[in-house]
Every structure is written in C-alpha cells, then in structure tokens.
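Asks: If you scroll down you'll find the structure; I have some questions about it.
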Amino acid sequence: MITEKDFENEIERFLLAEGGYVQGKNSEYNKETALFEEDVLSFIQTTQPKRWERLAQGQKANVKAVLIKALCQELEAKGALDVLRHGFRCYGKTFQTAYFAPNTSINEETQQRYDANILKITRQVVTEDGDRPDIVLSLNGIPVATAELKNVLSATHWTVEDAIYQYRKERNPKGKLFTFKKRTLVHFAVDTEEVYMTTKLDGEQTYFLPFNRGYNKGRGNPPIAGNVKTAYLWEQILTRHSFLEIIARFLHLSVEEKKVRTDSGLRLLQKETMIFPRFHQLDAVRQLIAHSREHGAGRNYLIQHSAGSGKSNTIAWLAHQLSSLHNRDDQKIFNSVIVVTDRVVLDRQLQATISQFEHKDGVVQKIEHNSQQLAVAIASDTPIIITTIQKFPFVMAALARKQESGINVAISTEGKQFAVIVDEAHSSQSGEAAMELRKVLNKDGIEAAVMAEFLDDDDDETGLSDEAKKQLFIEAAKRQRQPNLSFFAFTATPKWKTKALFDEPGADGNTPFHHYTMKQAIEEGFILDVLENYATWKQYFKLLKISENDKELSKSKAKKEMMRFVNLHPSVIAQKVEIIVEHFRTTTMHKIGGRAKAMVVTNGREHAVRYKLAFDEYIKEKGYTGIKSLVAFSGGITLKEAPEKEYTEALMNGIREVDLPEQFASEHYQVLLVAEKYQTGFDQPLLHTMFVDKKLSGIQAVQTLSRLNRCAKGKTDTFVLDFVNQPEDIYKAFKPFYEVTELGDIPSNEKLDELAATLDQWKIYFQPEIRQFAEIWFSAKQQPTGSEHKQLNSILDKAVARFLAVGDEIQQGVDDLSELKNEQQNLFKSQLKSYLSLYQFVSQIMDYSDDLHEQRYVYLRALQSKLPNNSDRNKVDLSKDVVLHFYKLQKRSEGKIHLDEGGADPLKGATDVGSGRADATDELSNMVQEINGMYGTQFTIADQLFFEQIIEDALADNEIVGAAKNNSLESFTAYFADKLLDLLFQRMQGNEEISNQVMSDESLRNRVVKRLAKQIYQRK
C-alpha cells in the first residue's frame, strides 16, 4: 500500500545516497536550544581546532555549554542567516558556523573547510510544542529548513494544500524551531505534483509562494519519466552543493522602511522579509552563470521575465555572482559588472542585498555625480557599477577635459572584460548612447582592430583623408559586438529589435535565453490578470457643418482633427468624467479595504488639463468627499480660450512634481490623470481601476495596462473601462507577450541598400556633399578647430533648401495643394528615419561594415536634426466649421479578454516605408458624412413610419431575430434595450427630433423598448 512514509523514504534515500547528506536521528535534537548540538561542536572542533582549544582551556568542563549559549544568544539577536555567513562571538573570538564554496579552487584549505560542512536530514523531529515536521534539514547543527510531505496516491489522498494547512494551523510560529529567521529559514510544502514554500510562519496569515518549474508556459510542473513531478526539489535544489550555494549566495533579509502617520506624528516602521529565490530566479541566475563560466565574454543574453517575477532580486543575485565569477582555470572573467538602470529602487536593493553577502566597502558604486565618476570607476575595476546609459557618451569627453587640466585618468580596456546588465532593455541597446558604451568599454580593442583594418585597406572607396578614415572606422567598429562585453538584458516585453540583438539561445536552443511568462506569473498569483474585467464603450456622435464654404483638406488630417475636436469638447469630457467619478464612488473606492486608487489615461497634455478641470468641477458641484485627483504631464500648456494662463503639473496639483508618487500613495488622493507620464515603470499596488481614453497598441498597451497588475493585501481583481480601444486590439497587443515572444524575419544588408537607394533618388543630397561632411566630421573628432560647426551647417543647409522645395512641381496649376507638399516631405523624413534605425540595427547584429553607409549615416543623422517639423504646418482647425450636434456613450462589451485562445503573430521590424502616394483629399461636408456613418449616425432612410422602420430593421438583423427566437419575452426585452440605440441611429437623418426625444427621455425610451420588443417578438 502506498503511504506518505514511502514518499519520505525516497527523498531521504536520494539525499543520503546522492545528495551529500548524512543521516540524522531525532533524538539528537535539543528542544530547549532548537539545535543539533553535537553537530555544532563537531564542526567547530574539526574546522577551528585552535580556537576551540583556547576556549576549552579557559572554560574547562563548561566549554560546550558556554559555546552553545553564546551561539543561541546571537541566533536570537541576529538570526540564523547572519550567523551562518559571519559566525558568532564567544569570549572575544569569532567562531564560524559554516564555510561556503570559494570562488576559486586555488586555496586547498578553504576547500577542505567547505567539505567539512555537516548537512543532515532528520525525520520526525519533535519540538517543545509537540510539533513533528516530516523532514528537518540542518547545517552544522543549525536547523535551516523543514518540509511537510503529502503523497496524493496514499489512502488519505492529501495534497500540497493539506501540507500548507498543516503549517498554518498545526505549527506554532513562535516555537523555537519555527520562529522567523532565528533557526529555520525556509519551509517546503510538497506533494508529488507541486512545491510551495514560505520563509515565515504566521499562523493563518502564512503566505506560501509556488516553487514550481512551470509547464506549457504556465503554472505547475512537467512530467518526469519514471519519477514524480517534484523530484527536482531534492535531486537539484536540496543537494549539498546547491543548497549551500542558496544559503551563501541567494537567501537574504530584505528590510523595507515605511513612513506611517500616527497621533504623535510620522513614524518609520521596518518590515523584514526573508527572500528565498523562486525557481525561475534560481534557474535563470544559475544558467547565466554556467554559460558565462563556460563561454566567457562576448555574448548577448535576453531574460524575458514577466512583471511579478522579482526582477530586482534576480538582477542583484546575478550582478553579485558575475562580479566574482572565475573560469575553470581560476581566472576572473569580468573586471566589472555594470548595471544600467534608471530605477532608484534597484540601486537600493543591489546595495542592501550584496552587503549581506560581502562585508566590505567598494563592492557596489552608484554613479550619481558625473561621467568622470563613471570613468574612474571603470578604470579602477570597481566590482559592480550602477549607472544610466546616458552617461557613457560623455565619458571620453570628461577624460579629455581632465587630461587637458593635467589630471591623467586613463581608461585602459586592454585585456579587460565587462558584464553589462540592462534593466528594461526596450531601447537601451539600439541608440547612440549604447554605441558609446561599447566604445568606452572596449576602447583599446576597437582601436587595435581599426589600425589593423586601416593598415590592410588597399581598396579605399571612402575618398577621405587618412585621419578622417581612421575615425570613421572607429565609429563603425563601436556599433559591432565586442568580444570583451557580455550583455544581460531583462524585460517583460521585448521589442523586435531587442529579440534580434540579444540572441544567445537558451537550454531549449531558442531565444530568449531564459523566460518566465506572463501566463505563469498570473496563474501563480504573482500578478493579477488586468484583462479579467475589461469593459469597452462606444461613442456615438453627430457633427454638423456650419461654415459656408467647403475646405479641400487631407482626409487623414481632417479625420484626426474631427476626432480631436470631439474628444476635447467640454460636453464630451463632462460625460466621461461623470462616468469615471460615479464608477469610482460606487465600485472602485470600496475595493482593497477602501484604499483602491484609479488612473485615467488621457490622449495628451491638453486632454489631461481639461480632464483635471472638469474632474475637480464635477466633484465640487456634487459636493463629493473622499475622492481627489492629481494630474501628471510634462512642461506647461495654454488653452485656446485662455492664452494668458499657463497650466503646469505643479500648479494644478499644488505640490512639487517630485512629490507626486508619494502624495498619490497617501490617503489624500485617489485618482491620477496622466498624459504619457507614469504609464511605464510606475509601481503602485493600490491601483485597481484604469479609465482609458487613448488609443493603445503593442508594447505601449501592455505596459500601460500592466500598471494595474501589482498585488496588494486585499486586492483580488482589477477593472479597465476603455472609451477608445476594442477588445480585439488589446488581445492583439498582449498575446505576443503572454507566453514567449516569437521573432519574425530579420532584415539583411540588402534591405539597407534598398533604403539607401530610395533616399538617394530624392536628389535632396549628393555623394560629394556626404563625403565633404564626413571629412570634416571625422577629422574633428581627432583634432577639432572650433570652426567645424559653420562648415557642417553650410553643407547641410543645401539639402534643407532642396527638402523645402520638394513637391513644388506638383503644385503647378493647382490653387492650394500645400498638404500634398507636406505629405511628400513627411514621406522622405519617414524613409530617412527607417534608414537610420535599420543601419543602427544591421551594424550590431552582422559582421558587416560599409564605409559609404557609415558616411551616409552620420550625414543623414545630422540632416534629420535640421529638417523642419511639419506637425504644425497647415494644421487643420475645424472649430469654426463644425459643431457637435449629438454625443452619446454606450457600453459595448464587458468581460474577460482570453489570451489562452489563438496564436500570436511574431514580432516584426519596422523597416518598410510608404509608396510615395499623397493622401487623398475630399470636401469637408463629405467627410463629416463619412465620420458620422462610421459611428452609426447616417444611414439610408426608408419611406415608412419611423417606428415601423425600426421594427423592419430589427427583423432584418439575424442576431436580434435569433435572440427573439431563443429567449423569453422578458429576457428579449432586456436584450433589445441595448440594441435600440443602434437602430435609432440608423434612422437618425430626417428623424432627429423623435430620435433625440427617445434617447434623452428615459421613461419614454423604456415605453418604446417594451412596445417594439413585443411586436418584434411576435413577428420573429
């Protein structure tokens, strides 16, 4: 018969035979001290005999009791993790309680001490409270882990949930064995299917985290041939070397400080959390370390870990271990680890985490002053450097200034290798700053390679002087991958370019190198599914033309301006504000124990300002309390009706811009109105509801909506009310990032040549001008004279003049076609942008350099900055041409957007450009009709009585007829109430008066619904 004891037997058998453990007896456990005291004494006597002898001589017969007492005192004061890593004091001497694996195998004595560790498995230990955990694991006499085991095939059919229940209900969290951090550091609940763990027992409040490998990109564990699914726990994680490494290099005590307002003022409270790595964190770091040890520098890794993955801890563990990594020949692999991030929280976490591993200064340095500080840190081989990507372009200039002033700080990269960890890798490796990073970190290697190429260049096509040509080669070389640099890029939502650049295959032979999916994070409960409750609304409106003359306009611009006119209209914003405020008051404010907050995503700065004004006015008018708003946007803006007044974020909120996150987190504010700001990287767990009034797509949609997904105590769901986007659009945006993002085709240098030829054909610039520009540009990098800017601008001005003349020929004989001219100029700019982007990309992923392309690139990049911005040219203003005649909002859909259905399209690079056709034009009156038709307000009108027409239209609708056939009259009437608005709009023209009356009078509308539904039901 299968029992739980069989499960215990198998785990014990493996750990004793193959896991490096020794057998323990429960009689060896001392209930009073919660220690295996003989193991403590044996380890110290073996590894520190001299100190033991000196203590024994002084304490005589009491030596054991004295030592154990001192150990217990420090375990109570500092906790087991600190004592295991740093030892404890006894009569003026430090006694080590464990020795962990050294970074190298050079020191034999260190290795011998490591081998002397006593890792023991003991079953059915009995505590002072009578608790009897199935398994206790101890290190040199100090209990470090417990496990409760359940065999689903046993007669009881108990599962991991029963093990969790046992910890919560039947284990005393204040008992000596279980008290937080003082003895055991982690507790596992295990059955044959899943593993959960916790680092703190807290009765019914005990929070268990899944410790599973993941299966089919989601939760759970994959089947294992001939074994149970959870065998990885004791065969991989708990084995001697693995478990000792976790204690030495992963486990850490996180201390969070939080300001709490009390009657006596603000108090600073500290919350301690013991962090044990989740499986994907441990697996990612170990795979990256193993691969780097085997292959050295020169690799690009992508780690696609979802929000909720604990990325900050993963980066901290990886940075620390890379900084001390040695290869099989005991040579240090990386001189420095450079963490590129803009997040203050990551800097704090790195500093705090690594300080627990190493008690010495200078291991981590944050670059918070200037580029000179960064240069000195790199030059001095600082183990871990935290900086931003923006500082690298200024490092060489900073060094040059120092050398000019007689201070010699040289960065020698000869023979040096660097690990670069990129936090959120969306675009940080594709721009010029990233190129400068490569140049700074491999200055000597690039210069050596350039000189070799320069000396071997017998077929010179550049037409440049030797000095300019050398600098050109340096610029081109810094774009390519450098053999002394390894990049480790972390992101939840990789762009196509990121996927292509960070292409080191993982264990399955594919990229990303490692992944933890959004699907698994949701299923494991680390983030909430923001698409679980998603409501979309449809807006109906009618515009009336009031101007006497028709304007001939670009159709796309006019449509865009019409929508802008509608969305900024005071009555439209007022309707949306009413919906937002009333939903917040009736639903959102009661969530998360009354602490829930909301975000309103607006379409721009003016939109945000008008929302804020309308929001505050509505609250004041209604006399509501308990709901106050903040607005977030950059810079200042004036409104057309009040040009003398400038609106800024600080003035509208009455607080400093830097204080907004802290103020929003307080109980004083509940709603945040945003325009671009706080849509990415903003972590506020109390955000429950989002109101979206902006078109979202792709990564922007995922990042914006993911502001809601953070978990908080009492937070069980989220809600999105979307005024603009459709469910299918949101599905399309999220699907590629739900599991593992696939990469589409990668463009080649042939595509780059094609784009270059397309640009050349415009005749806006000519090759001699590019060569002349390149000669001055690259020569100035070595020996600037100070007058280069005049010459460079003069060359570019010729192309700018030709650009401004583009489209002149198509205007002959036409009264006013400035829009066509504008469209042609924008097309050139679009093609230019595509070329620059593609060259940056191709030059990084391919062993490809072309002198002419490099010259064209630097020329066109400079030209791009001089071309005029056409966004405000010929701007369409319809405020005097149309009025908003009617506007109505109606709920379109509500429910879950299911990401498990269907497949995701692979990511593609944006390298294609337009055909060159100008946008069509049309008369304003026709476009008003088209827009109204799009929103259901203009249709063919039958010559019959109005309500009869509505009935006929309904009977022609298969969906309505189907609903009538398959439901009771009562149910169909409720269904038809939602459909009537659509039908009214179909017959709006010529029937405005009765339509508006029905739509605006709720009582009348209810009577009409009841009468028409009955007639349709009878005639179905």
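Simple scheme: letters A, B, ... for chains in structure tokens order, numbers from 1 for residues in each chain, numbers from 1 for ligands in the order shown.
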Return as number ranges by chain the full set of residues in stretch 652-877 of chain A whose backbone-based DSSP assignment is strand (DSSP E).
Replies: A: 671-674, 687-692, 719-722
Asks: Keeping only C-alpha atoms, write the selected residues as a short mmCIF file (atom, residue, chain, number, x, y, z; two decimals), in the first residue's frame.
Replies:
```cif
data_model
loop_
_atom_site.label_atom_id
_atom_site.label_comp_id
_atom_site.auth_asym_id
_atom_site.auth_seq_id
_atom_site.Cartn_x
_atom_site.Cartn_y
_atom_site.Cartn_z
CA VAL A 671 -7.30 59.33 -8.92
CA LEU A 672 -4.29 60.07 -11.13
CA LEU A 673 -4.87 61.70 -14.54
CA VAL A 674 -1.86 61.08 -16.80
CA LEU A 687 -4.07 50.91 -8.39
CA HIS A 688 -7.24 48.94 -9.06
CA THR A 689 -9.10 50.67 -11.90
CA MET A 690 -7.95 52.27 -15.14
CA PHE A 691 -10.03 54.51 -17.39
CA VAL A 692 -8.51 54.62 -20.87
CA PHE A 719 -11.05 46.73 -13.72
CA VAL A 720 -10.49 48.59 -17.01
CA LEU A 721 -13.05 50.90 -18.61
CA ASP A 722 -11.89 51.71 -22.15
#
```
Asks: For each of A:Ala862, A:Leu686, A:Val190, A:Leu185, take the minimum atom-to-atom distance to A:Glu161, counting only C-alpha atoms, then give the residue where this is smallest.
Replies: A:Val190
Asks: If you run DSSP over the backbone, which residues in stretch 537-761 of chain A end up alpha helix (DSSP H)? Put them as a PyMOL selection string.
Replies: chain A and resi 555-567+570-586+605-622+649-653+660-665+698-705+727-738+749-760
Asks: I'd like the interatomic distance between atom CA of A:Asp283 and atom CA of A:His514, to a tenth of an Å.
Replies: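 Taking atom CA of A:Asp283 as the start and atom CA of A:His514 as the end point, the length is 8.6 Å.
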Asks: Do you have the atom CA of A:Asn442-atom CA of A:Ile333 distance handy?
Replies: 15.1 Å
Asks: Stretch 573-582 of chain A: which residues within 9 Å, counting only C-alpha atoms, same-chain residues fewer than 6 positions away excluded, as a list in words?
Replies: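 Contacts, in chain order: Asn567, Val600, His607, Arg610, Tyr611, Ala614, Phe615, Tyr618, Ile619, Ile627, Phe691, Leu721, Phe723, Lys888 and Leu889 of chain A.
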Asks: Keeping C-alpha atoms, export the residues of the selection given above as a PDB file, in the first residue's frame.
Replies:
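Below is the file that was written, result-v9.pdb:
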```
ATOM      1  CA  ASN A 567     -12.605  64.304 -27.671  1.00  0.00           C
ATOM      2  CA  VAL A 600      -7.141  57.934 -16.123  1.00  0.00           C
ATOM      3  CA  HIS A 607      -6.610  66.415 -22.798  1.00  0.00           C
ATOM      4  CA  ARG A 610      -9.202  69.657 -19.488  1.00  0.00           C
ATOM      5  CA  TYR A 611      -9.877  66.379 -17.661  1.00  0.00           C
ATOM      6  CA  ALA A 614     -13.698  69.031 -15.444  1.00  0.00           C
ATOM      7  CA  PHE A 615     -12.949  66.445 -12.755  1.00  0.00           C
ATOM      8  CA  TYR A 618     -17.749  67.887 -11.086  1.00  0.00           C
ATOM      9  CA  ILE A 619     -16.553  66.877  -7.603  1.00  0.00           C
ATOM     10  CA  ILE A 627     -12.118  61.499  -3.998  1.00  0.00           C
ATOM     11  CA  PHE A 691     -10.026  54.506 -17.392  1.00  0.00           C
ATOM     12  CA  LEU A 721     -13.051  50.904 -18.614  1.00  0.00           C
ATOM     13  CA  PHE A 723     -13.524  54.531 -24.130  1.00  0.00           C
ATOM     14  CA  LYS A 888     -23.790  59.529 -26.572  1.00  0.00           C
ATOM     15  CA  LEU A 889     -21.716  56.865 -24.799  1.00  0.00           C
TER      16      LEU A 889
END
```
Asks: Applying 9 Å and only C-alpha atoms, which residues near stretch 376-387 of chain A remain after dropping the ones on its own chain fewer than 2 positions away? List them as an MDAnalysis selection string.
Replies: chainID A and resid 319:320 323:324 334:342 347 350 362:368 371:374 389:391 409:413 441
Asks: Take atom CA of A:Gln48 and atom CA of A:Phe250 and report the distance between them in Å, one decimal.
Replies: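 Separating atom CA of A:Gln48 from atom CA of A:Phe250 is a distance of 25.8 Å.
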Asks: Env of A:Gln520: 7 Å cut, atoms = only C-alpha atoms, seq-sep filter 5 positions within chain, self excluded. Answer as a ChimeraX atom specification.
Replies: /A:214,217-219
Asks: Can you write out the residues you just picked, keeping C-alpha atoms, as an mmCIF file, in the first residue's frame?
Replies:
```cif
data_model
loop_
_atom_site.group_PDB
_atom_site.id
_atom_site.type_symbol
_atom_site.label_atom_id
_atom_site.label_comp_id
_atom_site.auth_asym_id
_atom_site.auth_seq_id
_atom_site.Cartn_x
_atom_site.Cartn_y
_atom_site.Cartn_z
ATOM 1 C CA GLY A 214 6.334 25.822 -14.898
ATOM 2 C CA LYS A 217 4.367 28.271 -20.298
ATOM 3 C CA GLY A 218 2.069 28.305 -17.251
ATOM 4 C CA ARG A 219 1.970 27.021 -13.669
#
```
Asks: When distances are computed from only C-alpha atoms, which of A:Glu108, A:Glu739, A:Glu621, A:Glu532 shows the smallest separation from A:Tyr516?
Replies: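 Among A:Glu108, A:Glu739, A:Glu621, A:Glu532, it is A:Glu739 that comes nearest to A:Tyr516.
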Asks: With a distance cut-off of 9 Å and only C-alpha atoms, select the neighbouring residues of stretch 17-20 of chain A, excluding the residue or stretch itself and same-chain residues fewer than 2 positions from it, and output the selection as a list of chain:residue names.
Replies: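 Skipping anything fewer than 2 positions along the chain leaves A:Glu12, A:Arg13, A:Phe14, A:Leu15, A:Val22, A:Leu119, A:Lys120, A:Trp234, A:Glu235, A:Gln236, A:Leu238, A:Thr239, A:Arg240, A:His241.
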Asks: Neighbouring residues of A:Asn484 were defined as those with any atom within 10 Å, considering only C-alpha atoms; residues of the same chain fewer than 4 positions away were excluded. Please report them as a PyMOL selection string.
Replies: chain A and resi 296-299+333-334+413-419+438+441-442+445
Asks: Go ahead and save the residues from that selection, with C-alpha atoms, as a PDB file, in the first residue's frame.
Replies:
```pdb
ATOM      1  CA  GLY A 296      33.376  33.822 -21.287  1.00  0.00           C
ATOM      2  CA  ALA A 297      32.539  37.299 -22.550  1.00  0.00           C
ATOM      3  CA  GLY A 298      31.106  38.358 -25.901  1.00  0.00           C
ATOM      4  CA  ARG A 299      27.535  37.022 -25.508  1.00  0.00           C
ATOM      5  CA  ILE A 333      36.062  36.517 -16.133  1.00  0.00           C
ATOM      6  CA  PHE A 334      34.718  40.057 -15.700  1.00  0.00           C
ATOM      7  CA  THR A 413      40.485  48.316 -21.583  1.00  0.00           C
ATOM      8  CA  GLU A 414      43.280  46.127 -22.856  1.00  0.00           C
ATOM      9  CA  GLY A 415      42.605  42.587 -21.648  1.00  0.00           C
ATOM     10  CA  LYS A 416      39.543  43.711 -19.671  1.00  0.00           C
ATOM     11  CA  GLN A 417      36.108  42.128 -19.890  1.00  0.00           C
ATOM     12  CA  PHE A 418      32.810  43.553 -18.722  1.00  0.00           C
ATOM     13  CA  ALA A 419      29.339  42.230 -17.934  1.00  0.00           C
ATOM     14  CA  ARG A 438      30.695  49.755 -26.333  1.00  0.00           C
ATOM     15  CA  LEU A 441      34.346  49.551 -22.556  1.00  0.00           C
ATOM     16  CA  ASN A 442      36.448  48.319 -25.474  1.00  0.00           C
ATOM     17  CA  GLY A 445      40.244  46.635 -28.671  1.00  0.00           C
TER      18      GLY A 445
END
```
Asks: Smallest atom-to-atom distance to A:Cys90: which of A:Glu109, A:Leu244, A:Ala65, A:Ala535, using only C-alpha atoms?
Replies: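 Going through A:Glu109, A:Leu244, A:Ala65, A:Ala535 one by one, the smallest distance to A:Cys90 is for A:Ala65.
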